[in-house]
file target10.tsv (TSV, C-alpha atoms)
chain	number	residue	atom	x	y	z
L	188	MET	CA	-71.02	24.35	123.73
L	189	LYS	CA	-70.33	27.84	122.43
L	190	LEU	CA	-66.59	27.29	122.79
L	191	ARG	CA	-66.81	23.99	121.03
L	192	PHE	CA	-68.65	25.62	118.05
L	193	LEU	CA	-66.16	28.43	117.99
L	194	LYS	CA	-63.23	25.98	117.78
L	195	LEU	CA	-64.88	24.03	114.95
L	196	PHE	CA	-65.53	27.24	113.04
L	197	LEU	CA	-61.91	28.33	113.38
L	198	LEU	CA	-60.67	24.91	112.29
L	199	THR	CA	-62.88	24.97	109.20
L	200	VAL	CA	-61.65	28.46	108.31
L	201	LEU	CA	-58.04	27.41	108.72
L	202	PHE	CA	-58.62	24.28	106.67
L	203	CYS	CA	-60.26	26.24	103.82
L	204	GLY	CA	-57.42	28.76	103.84
L	205	PHE	CA	-54.83	26.00	103.69
L	206	ALA	CA	-56.67	24.32	100.79
L	207	ASN	CA	-56.78	27.62	98.88
L	208	MET	CA	-53.04	28.08	99.34
L	209	VAL	CA	-52.29	24.58	98.05
L	210	ASP	CA	-54.53	25.11	95.02
L	211	ALA	CA	-52.86	28.44	94.24
L	212	GLN	CA	-49.39	26.83	94.40
L	213	LYS	CA	-50.46	24.07	91.99
L	214	LYS	CA	-51.79	26.56	89.46
L	215	SER	CA	-48.66	28.68	89.65
L	216	SER	CA	-46.44	25.58	89.11
L	217	ARG	CA	-48.52	24.56	86.05
L	218	LYS	CA	-48.18	28.04	84.52
L	219	SER	CA	-44.44	28.07	85.12
L	220	THR	CA	-44.00	24.64	83.46
L	221	LYS	CA	-46.00	25.78	80.43
L	222	ARG	CA	-43.91	28.91	80.13
L	223	THR	CA	-40.67	26.93	80.41
L	224	THR	CA	-41.77	24.39	77.78
L	225	LYS	CA	-42.81	27.19	75.43
L	226	SER	CA	-39.58	29.02	75.97
L	227	ARG	CA	-37.58	25.85	75.53
L	228	SER	CA	-39.39	24.97	72.31
L	229	LYS	CA	-38.89	28.47	71.00
L	230	SER	CA	-35.26	28.57	71.95
L	231	ASN	CA	-34.22	25.08	70.77
L	232	VAL	CA	-36.22	24.56	67.57
L	233	LYS	CA	-34.87	26.70	64.73
L	234	PRO	CA	-36.18	26.90	61.17
L	235	ALA	CA	-34.09	24.99	58.68
L	236	THR	CA	-32.15	27.31	56.38
L	237	PRO	CA	-30.70	26.08	53.09
L	238	THR	CA	-26.93	25.66	53.22
L	239	VAL	CA	-25.02	26.82	50.20
L	240	ASP	CA	-21.77	25.07	49.35
L	241	THR	CA	-19.30	27.75	48.41
L	242	THR	CA	-16.82	25.31	46.82
L	243	ALA	CA	-17.10	25.10	43.06
L	244	VAL	CA	-18.19	21.74	41.69
L	245	VAL	CA	-15.75	20.67	38.98
L	246	GLN	CA	-17.22	18.09	36.62
L	247	ALA	CA	-15.01	15.85	34.52
L	248	PRO	CA	-15.47	16.29	30.77
L	249	VAL	CA	-17.80	13.75	29.26
L	250	VAL	CA	-15.83	11.47	26.94
L	251	VAL	CA	-17.94	9.73	24.34
L	252	VAL	CA	-16.43	6.32	23.70
L	253	GLU	CA	-17.52	4.88	20.40
L	254	PRO	CA	-18.27	1.16	20.40
L	255	GLU	CA	-15.63	-0.97	18.78
L	256	ILE	CA	-16.49	-2.38	15.40
L	257	ASP	CA	-15.94	-6.12	15.41
L	258	SER	CA	-18.04	-7.03	12.40
L	259	LEU	CA	-16.31	-7.55	9.09
L	260	PRO	CA	-18.01	-6.71	5.78
L	261	ILE	CA	-19.39	-10.17	5.05
L	262	LYS	CA	-22.26	-10.65	2.69
L	263	THR	CA	-25.28	-12.25	4.33
L	264	VAL	CA	-26.19	-15.45	2.48
L	265	ARG	CA	-29.40	-17.32	3.19
L	266	LYS	CA	-29.21	-21.10	3.25
L	267	SER	CA	-31.26	-23.20	0.86
L	268	LEU	CA	-34.22	-24.98	2.46
L	269	ARG	CA	-34.13	-27.78	-0.11
L	270	PRO	CA	-31.23	-29.72	-1.67
L	271	ASP	CA	-29.86	-27.41	-4.34
L	272	GLU	CA	-27.74	-30.12	-5.99
L	273	ALA	CA	-28.63	-33.26	-7.88
L	274	VAL	CA	-25.76	-35.21	-6.29
L	275	GLU	CA	-24.80	-35.75	-2.67
L	276	THR	CA	-21.88	-33.45	-1.75
L	277	SER	CA	-22.12	-33.38	2.04
L	278	ALA	CA	-19.06	-35.63	2.33
L	279	LEU	CA	-17.04	-33.19	0.25
L	280	ARG	CA	-17.94	-30.35	2.59
L	281	ASP	CA	-16.59	-32.26	5.60
L	282	ARG	CA	-13.21	-33.28	4.21
L	283	THR	CA	-10.00	-32.44	6.04
L	284	PRO	CA	-6.54	-31.81	4.59
L	285	LEU	CA	-3.83	-34.46	4.66
L	286	PRO	CA	-1.01	-33.81	7.12
L	287	TYR	CA	2.27	-32.56	5.73
L	288	GLU	CA	5.18	-34.89	5.17
L	289	HIS	CA	7.81	-34.41	7.86
L	290	LEU	CA	10.97	-32.71	6.63
L	291	ARG	CA	14.15	-33.02	8.66
L	292	ALA	CA	16.41	-30.01	8.89
L	293	ASP	CA	19.45	-32.20	8.14
L	294	ASP	CA	17.88	-33.37	4.87
L	295	ALA	CA	17.04	-29.85	3.66
L	296	VAL	CA	20.13	-29.15	1.60
L	297	TYR	CA	18.54	-26.20	-0.19
L	298	ARG	CA	16.18	-23.64	1.35
L	299	HIS	CA	14.96	-20.21	0.30
L	300	ARG	CA	12.05	-18.01	1.26
L	301	ILE	CA	9.97	-16.46	-1.48
L	302	TRP	CA	7.36	-13.70	-1.35
L	303	ARG	CA	4.86	-13.59	-4.22
L	304	GLU	CA	2.11	-11.26	-5.29
L	305	ILE	CA	-1.03	-12.89	-6.70
L	306	ASP	CA	-3.08	-10.67	-8.99
L	307	ALA	CA	-6.63	-12.04	-9.30
L	308	ARG	CA	-7.15	-10.16	-12.58
L	309	GLU	CA	-4.90	-12.65	-14.37
L	310	LYS	CA	-6.75	-15.39	-16.21
L	311	ILE	CA	-5.32	-18.28	-14.21
L	312	ASN	CA	-6.22	-16.47	-10.96
L	313	LEU	CA	-9.84	-15.69	-11.84
L	314	PRO	CA	-11.17	-18.23	-9.27
L	315	PHE	CA	-10.05	-15.74	-6.59
L	316	MET	CA	-12.75	-13.35	-7.86
L	317	TYR	CA	-15.55	-15.93	-8.13
L	318	ALA	CA	-18.41	-14.45	-6.09
L	319	ALA	CA	-21.25	-16.99	-6.19
L	320	ASP	CA	-23.33	-17.75	-3.09
L	321	GLU	CA	-23.52	-21.19	-1.54
L	322	ASN	CA	-24.90	-22.51	1.73
L	323	ASN	CA	-21.52	-21.97	3.38
L	324	GLY	CA	-21.40	-18.31	2.29
L	325	ASN	CA	-19.97	-16.25	-0.50
L	326	GLN	CA	-17.31	-18.06	-2.50
L	327	SER	CA	-14.91	-15.20	-3.23
L	328	PHE	CA	-11.50	-15.68	-1.66
L	329	ILE	CA	-11.62	-12.51	0.44
L	330	SER	CA	-15.07	-13.48	1.77
L	331	ILE	CA	-13.69	-16.85	2.85
L	332	LEU	CA	-10.91	-15.08	4.76
L	333	PHE	CA	-13.31	-12.62	6.39
L	334	LYS	CA	-15.74	-15.37	7.41
L	335	ALA	CA	-12.94	-17.45	8.97
L	336	ILE	CA	-11.85	-14.39	10.96
L	337	GLN	CA	-15.42	-13.53	11.98
L	338	ASP	CA	-16.01	-17.11	13.18
L	339	SER	CA	-12.69	-17.08	15.14
L	340	ALA	CA	-11.47	-20.06	13.11
L	341	VAL	CA	-8.04	-18.50	12.58
L	342	THR	CA	-5.71	-16.10	14.36
L	343	VAL	CA	-4.95	-12.86	12.53
L	344	PHE	CA	-1.51	-11.25	12.78
L	345	SER	CA	-0.48	-7.65	12.32
L	346	THR	CA	1.56	-6.33	9.40
L	347	ILE	CA	4.24	-4.98	11.74
L	348	ASP	CA	6.25	-7.87	10.36
L	349	ASP	CA	5.55	-11.04	8.40
L	350	ARG	CA	6.77	-13.43	11.11
L	351	PHE	CA	3.35	-13.75	12.83
L	352	THR	CA	4.42	-12.06	16.07
L	353	THR	CA	1.51	-9.71	16.93
L	354	PRO	CA	-2.07	-11.05	17.01
L	355	MET	CA	-4.94	-8.74	16.09
L	356	THR	CA	-8.49	-8.55	17.44
L	357	LYS	CA	-11.60	-8.47	15.28
L	358	SER	CA	-12.06	-4.76	15.91
L	359	GLU	CA	-8.48	-4.05	14.80
L	360	VAL	CA	-9.02	-6.09	11.65
L	361	ALA	CA	-12.28	-4.22	10.96
L	362	LYS	CA	-10.54	-0.85	11.36
L	363	ALA	CA	-7.74	-1.97	9.05
L	364	VAL	CA	-10.28	-3.06	6.43
L	365	LEU	CA	-12.75	-0.18	6.71
L	366	GLY	CA	-10.22	2.57	7.45
L	367	GLU	CA	-10.96	5.78	9.33
L	368	LYS	CA	-14.30	7.57	9.23
L	369	ILE	CA	-14.61	10.31	6.63
L	370	PRO	CA	-16.81	13.43	6.94
L	371	VAL	CA	-19.96	13.47	4.83
L	372	ILE	CA	-21.56	16.91	4.41
L	373	ASN	CA	-25.32	17.12	3.85
L	374	TYR	CA	-27.41	20.17	2.91
L	375	ASP	CA	-30.81	21.33	4.06
L	376	SER	CA	-33.72	22.36	1.84
L	377	LEU	CA	-32.28	25.88	1.47
L	378	GLY	CA	-28.87	24.63	0.38
L	379	ASN	CA	-27.11	25.46	3.62
L	380	PRO	CA	-24.45	22.95	4.73
L	381	LEU	CA	-25.29	20.88	7.78
L	382	PRO	CA	-22.72	19.68	10.34
L	383	PRO	CA	-20.66	16.86	8.87
L	384	VAL	CA	-21.56	13.28	9.67
L	385	TYR	CA	-18.62	10.86	9.97
L	386	LYS	CA	-19.18	7.53	8.26
L	387	PHE	CA	-17.07	4.63	7.02
L	388	ARG	CA	-16.43	4.44	3.33
L	389	GLU	CA	-18.40	1.98	1.27
L	390	LEU	CA	-16.37	-1.16	0.77
L	391	ASN	CA	-16.39	-3.17	-2.42
L	392	LEU	CA	-15.07	-6.71	-2.02
L	393	ASP	CA	-13.93	-6.68	-5.65
L	394	SER	CA	-11.27	-4.13	-4.66
L	395	PHE	CA	-9.35	-6.93	-2.93
L	396	TYR	CA	-7.72	-8.47	-6.00
L	397	LYS	CA	-4.11	-8.70	-4.79
L	398	PHE	CA	-2.69	-11.08	-2.22
L	399	HIS	CA	0.80	-11.58	-0.89
L	400	VAL	CA	1.97	-15.14	-0.25
L	401	LYS	CA	4.98	-16.05	1.86
L	402	GLU	CA	6.41	-19.49	1.16
L	403	GLU	CA	9.53	-21.56	1.49
L	404	VAL	CA	11.15	-23.77	-1.14
L	405	ILE	CA	13.05	-26.80	0.20
L	406	PHE	CA	14.94	-29.55	-1.53
L	407	ASP	CA	14.83	-32.73	0.53
L	408	LYS	CA	17.76	-35.03	-0.22
L	409	GLU	CA	16.06	-38.06	1.35
L	410	SER	CA	13.15	-38.06	-1.09
L	411	SER	CA	15.01	-36.12	-3.83
L	412	ARG	CA	12.10	-33.74	-4.16
L	413	LEU	CA	11.59	-30.01	-4.23
L	414	PHE	CA	8.90	-28.96	-1.75
L	415	TRP	CA	6.98	-25.68	-1.75
L	416	ARG	CA	5.43	-24.86	1.63
L	417	ILE	CA	3.19	-21.81	1.96
L	418	LEU	CA	3.56	-20.03	5.31
L	419	GLY	CA	1.21	-17.03	5.18
L	420	ILE	CA	-1.29	-15.08	3.10
L	421	ALA	CA	-2.03	-11.34	3.29
L	422	PRO	CA	-4.69	-9.36	1.37
L	423	VAL	CA	-3.42	-6.17	-0.23
L	424	VAL	CA	-5.21	-2.90	-1.01
L	425	ASN	CA	-4.09	0.17	-2.91
L	426	VAL	CA	-3.86	3.25	-0.68
L	427	ILE	CA	-5.22	6.40	-2.35
L	428	THR	CA	-5.58	9.71	-0.51
L	429	SER	CA	-8.67	11.92	-0.65
L	430	GLN	CA	-6.82	14.09	-3.19
L	431	GLY	CA	-6.36	11.10	-5.48
L	432	VAL	CA	-2.65	10.55	-4.78
L	433	PHE	CA	-1.63	6.90	-5.07
L	434	LEU	CA	0.59	5.88	-2.14
L	435	GLY	CA	1.16	2.28	-3.17
L	436	PRO	CA	-0.02	-1.13	-1.99
L	437	LYS	CA	-0.60	-1.91	1.67
L	438	GLU	CA	-0.98	-5.26	3.44
L	439	LEU	CA	-4.00	-5.44	5.76
L	440	PHE	CA	-3.13	-8.45	7.90
L	441	TRP	CA	-1.45	-11.85	7.78
L	442	VAL	CA	-3.01	-15.26	8.33
L	443	TYR	CA	-0.97	-18.39	8.95
L	444	TYR	CA	-1.65	-20.72	6.04
L	445	PRO	CA	-1.37	-24.06	7.95
L	446	ASP	CA	-4.13	-22.74	10.25
L	447	MET	CA	-6.29	-21.96	7.22
L	448	ARG	CA	-5.92	-25.36	5.55
L	449	PRO	CA	-8.94	-26.95	7.34
L	450	VAL	CA	-11.05	-23.96	6.27
L	451	PHE	CA	-9.82	-23.97	2.67
L	452	SER	CA	-10.53	-27.69	2.34
L	453	LYS	CA	-14.28	-27.03	2.78
L	454	TYR	CA	-14.57	-24.49	-0.05
L	455	GLU	CA	-14.45	-25.40	-3.73
L	456	ILE	CA	-12.89	-23.25	-6.40
L	457	TYR	CA	-14.51	-22.25	-9.66
L	458	ASN	CA	-13.80	-24.40	-12.72
L	459	GLY	CA	-15.44	-22.97	-15.81
L	460	LYS	CA	-14.52	-26.00	-17.95
L	461	ASN	CA	-16.17	-28.67	-15.81
L	462	TYR	CA	-18.52	-28.02	-12.90
L	463	GLY	CA	-18.07	-31.56	-11.61
L	464	ALA	CA	-14.26	-31.47	-11.60
L	465	ARG	CA	-13.79	-28.86	-8.95
L	466	MET	CA	-11.05	-28.92	-6.32
L	467	SER	CA	-10.86	-27.29	-2.94
L	468	TRP	CA	-8.86	-24.18	-2.18
L	469	GLU	CA	-6.43	-26.29	-0.17
L	470	GLU	CA	-5.81	-28.48	-3.22
L	471	LEU	CA	-5.33	-25.41	-5.39
L	472	PHE	CA	-2.57	-24.06	-3.19
L	473	GLU	CA	-0.89	-27.44	-2.68
L	474	SER	CA	-1.04	-28.18	-6.44
L	475	ARG	CA	0.20	-24.63	-7.13
L	476	MET	CA	-2.60	-23.88	-9.56
L	477	PHE	CA	-2.03	-20.13	-9.33
L	478	SER	CA	0.35	-17.56	-10.71
L	479	GLY	CA	2.26	-14.96	-8.74
L	480	ARG	CA	5.22	-12.77	-9.48
L	481	ILE	CA	8.12	-12.82	-7.02
L	482	ILE	CA	8.48	-9.55	-5.11
L	483	LYS	CA	11.12	-10.63	-2.58
L	484	SER	CA	13.42	-13.54	-1.79
L	485	THR	CA	16.32	-14.46	0.44
L	486	MET	CA	18.43	-15.32	-2.60
L	487	ASP	CA	21.30	-12.83	-3.04
L	488	ASN	CA	19.49	-10.36	-0.77
L	489	PRO	CA	21.73	-9.48	2.19
L	490	LYS	CA	19.76	-6.30	2.96
L	491	ASP	CA	16.45	-8.21	3.18
L	492	ILE	CA	14.58	-5.74	0.95
L	493	GLN	CA	11.97	-6.15	-1.74
L	494	ILE	CA	12.89	-6.16	-5.40
L	495	ARG	CA	11.30	-2.77	-6.00
L	496	ALA	CA	13.51	-1.26	-3.26
L	497	MET	CA	16.70	-2.31	-5.03
L	498	SER	CA	18.74	0.30	-6.83
L	499	GLY	CA	17.35	1.06	-10.28
L	500	MET	CA	14.18	-1.01	-9.69
L	501	ASP	CA	11.87	1.45	-7.96
L	502	THR	CA	10.42	3.04	-11.11
L	503	ASN	CA	10.87	0.24	-13.63
L	504	GLY	CA	8.23	-2.47	-13.30
L	505	ILE	CA	9.63	-4.49	-16.22
L	506	LEU	CA	12.99	-4.89	-14.49
L	507	GLN	CA	11.20	-6.00	-11.31
L	508	LEU	CA	9.34	-8.66	-13.28
L	509	PHE	CA	12.56	-9.83	-14.97
L	510	GLU	CA	14.33	-10.08	-11.61
L	511	GLY	CA	11.49	-12.25	-10.28
L	512	GLU	CA	11.71	-14.52	-13.32
L	513	ASN	CA	15.46	-14.73	-12.81
L	514	ILE	CA	14.90	-16.07	-9.27
L	515	LYS	CA	12.46	-18.68	-10.63
L	516	GLU	CA	15.03	-19.79	-13.18
L	517	LYS	CA	17.74	-20.16	-10.54
L	518	ILE	CA	15.53	-22.45	-8.46
L	519	PHE	CA	14.55	-24.47	-11.52
L	520	ASN	CA	18.17	-24.87	-12.65
L	521	TYR	CA	19.28	-25.97	-9.20
L	522	GLU	CA	16.79	-28.83	-9.22
L	523	GLN	CA	17.57	-29.85	-12.78
L	524	ASP	CA	21.33	-29.80	-12.27
L	525	LEU	CA	21.01	-32.42	-9.54
L	526	TRP	CA	19.94	-35.00	-12.12
L	527	SER	CA	22.22	-36.64	-14.61
L	528	TYR	CA	20.99	-38.37	-17.76
call {"tool": "encode", "arguments": {"input": "target10.tsv", "output": "structure tokens"}}
result
Amino acid sequence: MKLRFLKLFLLTVLFCGFANMVDAQKKSSRKSTKRTTKSRSKSNVKPATPTVDTTAVVQAPVVVVEPEIDSLPIKTVRKSLRPDEAVETSALRDRTPLPYEHLRADDAVYRHRIWREIDAREKINLPFMYAADENNGNQSFISILFKAIQDSAVTVFSTIDDRFTTPMTKSEVAKAVLGEKIPVINYDSLGNPLPPVYKFRELNLDSFYKFHVKEEVIFDKESSRLFWRILGIAPVVNVITSQGVFLGPKELFWVYYPDMRPVFSKYEIYNGKNYGARMSWEELFESRMFSGRIIKSTMDNPKDIQIRAMSGMDTNGILQLFEGENIKEKIFNYEQDLWSY
């Protein structure tokens, strides 16, 4: 019995010692794993430091692009809300021009091109300056042109030449009409000048009182008639520098007259003698109810220059006028000499 108790006691002591050893090993392994995780976290995780780019950042210069001006100086006209006429004229507003009579090249035995200058200050040309307001807009001739361009009813051509080769956009037409911006200097309350402000000059539509007309005179042997066919119209302005130096007339743009005929047929001209006997602008041009002095022609002009550019004509306006009248007389005599009485 004593031996048996002694063996059990020794076994219990050995078992407790073994359990203590196992427990000690577990604790040591836990401590080592904690230390390794702490060391790993400390060694791997680094505080973020701001990175500075040493290369210089080159920014492109800011270019301020001004918006294109595509609005022409057209007077705003409000439409009447009630019939403003005692008679019905809606049918007159919707009329269309008659087509031209066909002219064969073989029948045109006589042809010349003529360039005229219409001055609206002459008495017969005063309808060009008529500036009343109707439902279809202002009735002045330059306003009719501007409105047709603004509504894209006609193609505008540049003044590079008068053969209608280079179309123009609305913004280009607006720049040609308004010109370049001019500096306007303002002053503060103390009288000190402020930075200049660039603005367009104020435009007066009455300053457009000259127009150039390109036309062709043809004698048709089949009908034995002399035909005048207008090809183009160009408004003209006088160019004056800021110092007051007059540089001469300048054409703004060209419009093809056959394209403008449907537009002209819807506008009536001013007739101060009889308000009820008005005609359209298309009828005025076809009936030649205007006056214009000849400034250039293909008759006896091998250099294709204007009359004022001829020798001895540049400073003498009377001689230029006489030369234009001489061209008119030659055309008239040619037609009259074909008839025998």
call {"tool": "atom_distance", "arguments": {"input": "target10.tsv", "atom1": "atom CA of Phe328 of chain L", "atom2": "atom CA of Gly504 of chain L"}}
result
26.4 Å
call {"tool": "atom_distance", "arguments": {"input": "target10.tsv", "atom1": "atom CA of Glu473 of chain L", "atom2": "atom CA of Ile456 of chain L"}}
result
13.2 Å
call {"tool": "atom_distance", "arguments": {"input": "target10.tsv", "atom1": "atom CA of Ala363 of chain L", "atom2": "atom CA of Leu259 of chain L"}}
result
10.2 Å
call {"tool": "residues_around", "arguments": {"input": "target10.tsv", "residues": "Asn312 of chain L", "least_positions_apart": "6", "cutoff": "12 Å", "atoms": "all atoms listed in the file", "output": "list in words"}}
result
Glu304, Ile305, Asp306, Ser327, Phe328, Tyr396, Lys397, Phe398, Ile456, Tyr457, Asn458, Trp468, Leu471, Phe472, Arg475, Met476, Phe477, Ser478 and Gly479 of chain L
call {"tool": "residues_around", "arguments": {"input": "target10.tsv", "residues": "Glu275 of chain L", "least_positions_apart": "5", "cutoff": "12 Å", "atoms": "only C-alpha atoms", "output": "ChimeraX atom specification"}}
result
/L:270,280,463
call {"tool": "write_last_selection", "arguments": {"input": "target10.tsv", "atoms": "C-alpha atoms", "output": "compact mmCIF listing (two decimals), in the coordinates of the input"}}
result
# COMPACT_ATOMS: atom_id res chain seq x y z
CA PRO L 270 -31.23 -29.72 -1.67
CA ARG L 280 -17.94 -30.35 2.59
CA GLY L 463 -18.07 -31.56 -11.61
call {"tool": "residues_around", "arguments": {"input": "target10.tsv", "residues": "Thr428 of chain L", "least_positions_apart": "5", "cutoff": "12 Å", "atoms": "all atoms listed in the file", "output": "PyMOL selection string"}}
result
chain L and resi 366-367+369+433-435
call {"tool": "closest_residue", "arguments": {"input": "target10.tsv", "among": "L:Thr342, L:Arg308, L:Lys357, L:Ile417", "to": "Ile405 of chain L", "atoms": "all atoms listed in the file"}}
result
L:Ile417
call {"tool": "closest_residue", "arguments": {"input": "target10.tsv", "among": "L:Phe196, L:Trp302, L:Phe315, L:Phe451", "to": "Lys334 of chain L", "atoms": "all atoms listed in the file"}}
result
L:Phe451
call {"tool": "closest_residue", "arguments": {"input": "target10.tsv", "among": "L:Val432, L:Ala496, L:Val343, L:Ile482", "to": "Glu512 of chain L", "atoms": "only C-alpha atoms"}}
result
L:Ile482
call {"tool": "closest_residue", "arguments": {"input": "target10.tsv", "among": "L:Val341, L:Gly459, L:Pro382, L:Ser267", "to": "Lys310 of chain L", "atoms": "only C-alpha atoms"}}
result
L:Gly459
call {"tool": "residues_around", "arguments": {"input": "target10.tsv", "residues": "Thr283 of chain L", "least_positions_apart": "5", "cutoff": "12 Å", "atoms": "all atoms listed in the file", "output": "list in words"}}
result
Ala278, Met447, Arg448, Pro449, Val450, Phe451, Ser452, Lys453, Tyr454, Ser467, Trp468, Glu469 and Glu470 of chain L
call {"tool": "residues_around", "arguments": {"input": "target10.tsv", "residues": "segment 290-297 of chain L", "least_positions_apart": "4", "cutoff": "8 Å", "atoms": "only C-alpha atoms", "output": "ChimeraX atom specification"}}
result
/L:404-409
call {"tool": "closest_residue", "arguments": {"input": "target10.tsv", "among": "L:Leu313, L:Lys437, L:Glu272, L:His289", "to": "Tyr462 of chain L", "atoms": "only C-alpha atoms"}}
result
L:Glu272
call {"tool": "closest_residue", "arguments": {"input": "target10.tsv", "among": "L:Ile347, L:Ile481, L:Leu279, L:Val426", "to": "Gln493 of chain L", "atoms": "all atoms listed in the file"}}
result
L:Ile481
call {"tool": "residues_near_point", "arguments": {"input": "target10.tsv", "point": "(-13.1, -1.4, -5.4)", "cutoff": "12 Å", "atoms": "only C-alpha atoms", "output": "list in words"}}
result
Arg388, Glu389, Leu390, Asn391, Leu392, Asp393, Ser394, Phe395, Tyr396, Lys397, Val423, Val424, Asn425, Val426 and Ile427 of chain L
call {"tool": "write_last_selection", "arguments": {"input": "target10.tsv", "atoms": "C-alpha atoms", "output": "compact mmCIF listing (two decimals), keeping the file's coordinate frame"}}
result
# COMPACT_ATOMS: atom_id res chain seq x y z
CA ARG L 388 -16.43 4.44 3.33
CA GLU L 389 -18.40 1.98 1.27
CA LEU L 390 -16.37 -1.16 0.77
CA ASN L 391 -16.39 -3.17 -2.42
CA LEU L 392 -15.07 -6.71 -2.02
CA ASP L 393 -13.93 -6.68 -5.65
CA SER L 394 -11.27 -4.13 -4.66
CA PHE L 395 -9.35 -6.93 -2.93
CA TYR L 396 -7.72 -8.47 -6.00
CA LYS L 397 -4.11 -8.70 -4.79
CA VAL L 423 -3.42 -6.17 -0.23
CA VAL L 424 -5.21 -2.90 -1.01
CA ASN L 425 -4.09 0.17 -2.91
CA VAL L 426 -3.86 3.25 -0.68
CA ILE L 427 -5.22 6.40 -2.35
call {"tool": "build_atoms", "arguments": {"input": "target10.tsv", "residues": "segment 411-423 of chain L", "atoms": "N, CA and C atoms", "output": "mmCIF file, in the frame of the given file"}}
result
data_model
loop_
_atom_site.group_PDB
_atom_site.id
_atom_site.type_symbol
_atom_site.label_atom_id
_atom_site.label_comp_id
_atom_site.auth_asym_id
_atom_site.auth_seq_id
_atom_site.Cartn_x
_atom_site.Cartn_y
_atom_site.Cartn_z
ATOM 1 N N SER L 411 14.574 -36.717 -2.550
ATOM 2 C CA SER L 411 15.010 -36.120 -3.830
ATOM 3 C C SER L 411 13.857 -35.358 -4.486
ATOM 4 N N ARG L 412 13.230 -34.530 -3.680
ATOM 5 C CA ARG L 412 12.100 -33.740 -4.160
ATOM 6 C C ARG L 412 12.253 -32.290 -3.746
ATOM 7 N N LEU L 413 11.647 -31.428 -4.545
ATOM 8 C CA LEU L 413 11.590 -30.010 -4.230
ATOM 9 C C LEU L 413 10.212 -29.694 -3.658
ATOM 10 N N PHE L 414 10.164 -29.244 -2.425
ATOM 11 C CA PHE L 414 8.900 -28.960 -1.750
ATOM 12 C C PHE L 414 8.673 -27.446 -1.710
ATOM 13 N N TRP L 415 7.409 -27.065 -1.926
ATOM 14 C CA TRP L 415 6.980 -25.680 -1.750
ATOM 15 C C TRP L 415 5.980 -25.667 -0.585
ATOM 16 N N ARG L 416 6.297 -24.947 0.459
ATOM 17 C CA ARG L 416 5.430 -24.860 1.630
ATOM 18 C C ARG L 416 5.009 -23.407 1.840
ATOM 19 N N ILE L 417 3.719 -23.152 1.745
ATOM 20 C CA ILE L 417 3.190 -21.810 1.960
ATOM 21 C C ILE L 417 3.100 -21.559 3.464
ATOM 22 N N LEU L 418 3.548 -20.376 3.890
ATOM 23 C CA LEU L 418 3.560 -20.030 5.310
ATOM 24 C C LEU L 418 2.460 -19.030 5.671
ATOM 25 N N GLY L 419 2.195 -18.057 4.825
ATOM 26 C CA GLY L 419 1.210 -17.030 5.180
ATOM 27 C C GLY L 419 0.618 -16.380 3.954
ATOM 28 N N ILE L 420 -0.575 -15.775 4.157
ATOM 29 C CA ILE L 420 -1.290 -15.080 3.100
ATOM 30 C C ILE L 420 -1.750 -13.738 3.668
ATOM 31 N N ALA L 421 -1.624 -12.678 2.864
ATOM 32 C CA ALA L 421 -2.030 -11.340 3.290
ATOM 33 C C ALA L 421 -2.780 -10.651 2.155
ATOM 34 N N PRO L 422 -4.010 -10.170 2.396
ATOM 35 C CA PRO L 422 -4.690 -9.360 1.370
ATOM 36 C C PRO L 422 -4.059 -7.976 1.265
ATOM 37 N N VAL L 423 -4.078 -7.438 0.069
ATOM 38 C CA VAL L 423 -3.420 -6.170 -0.230
ATOM 39 C C VAL L 423 -4.429 -5.216 -0.843
#
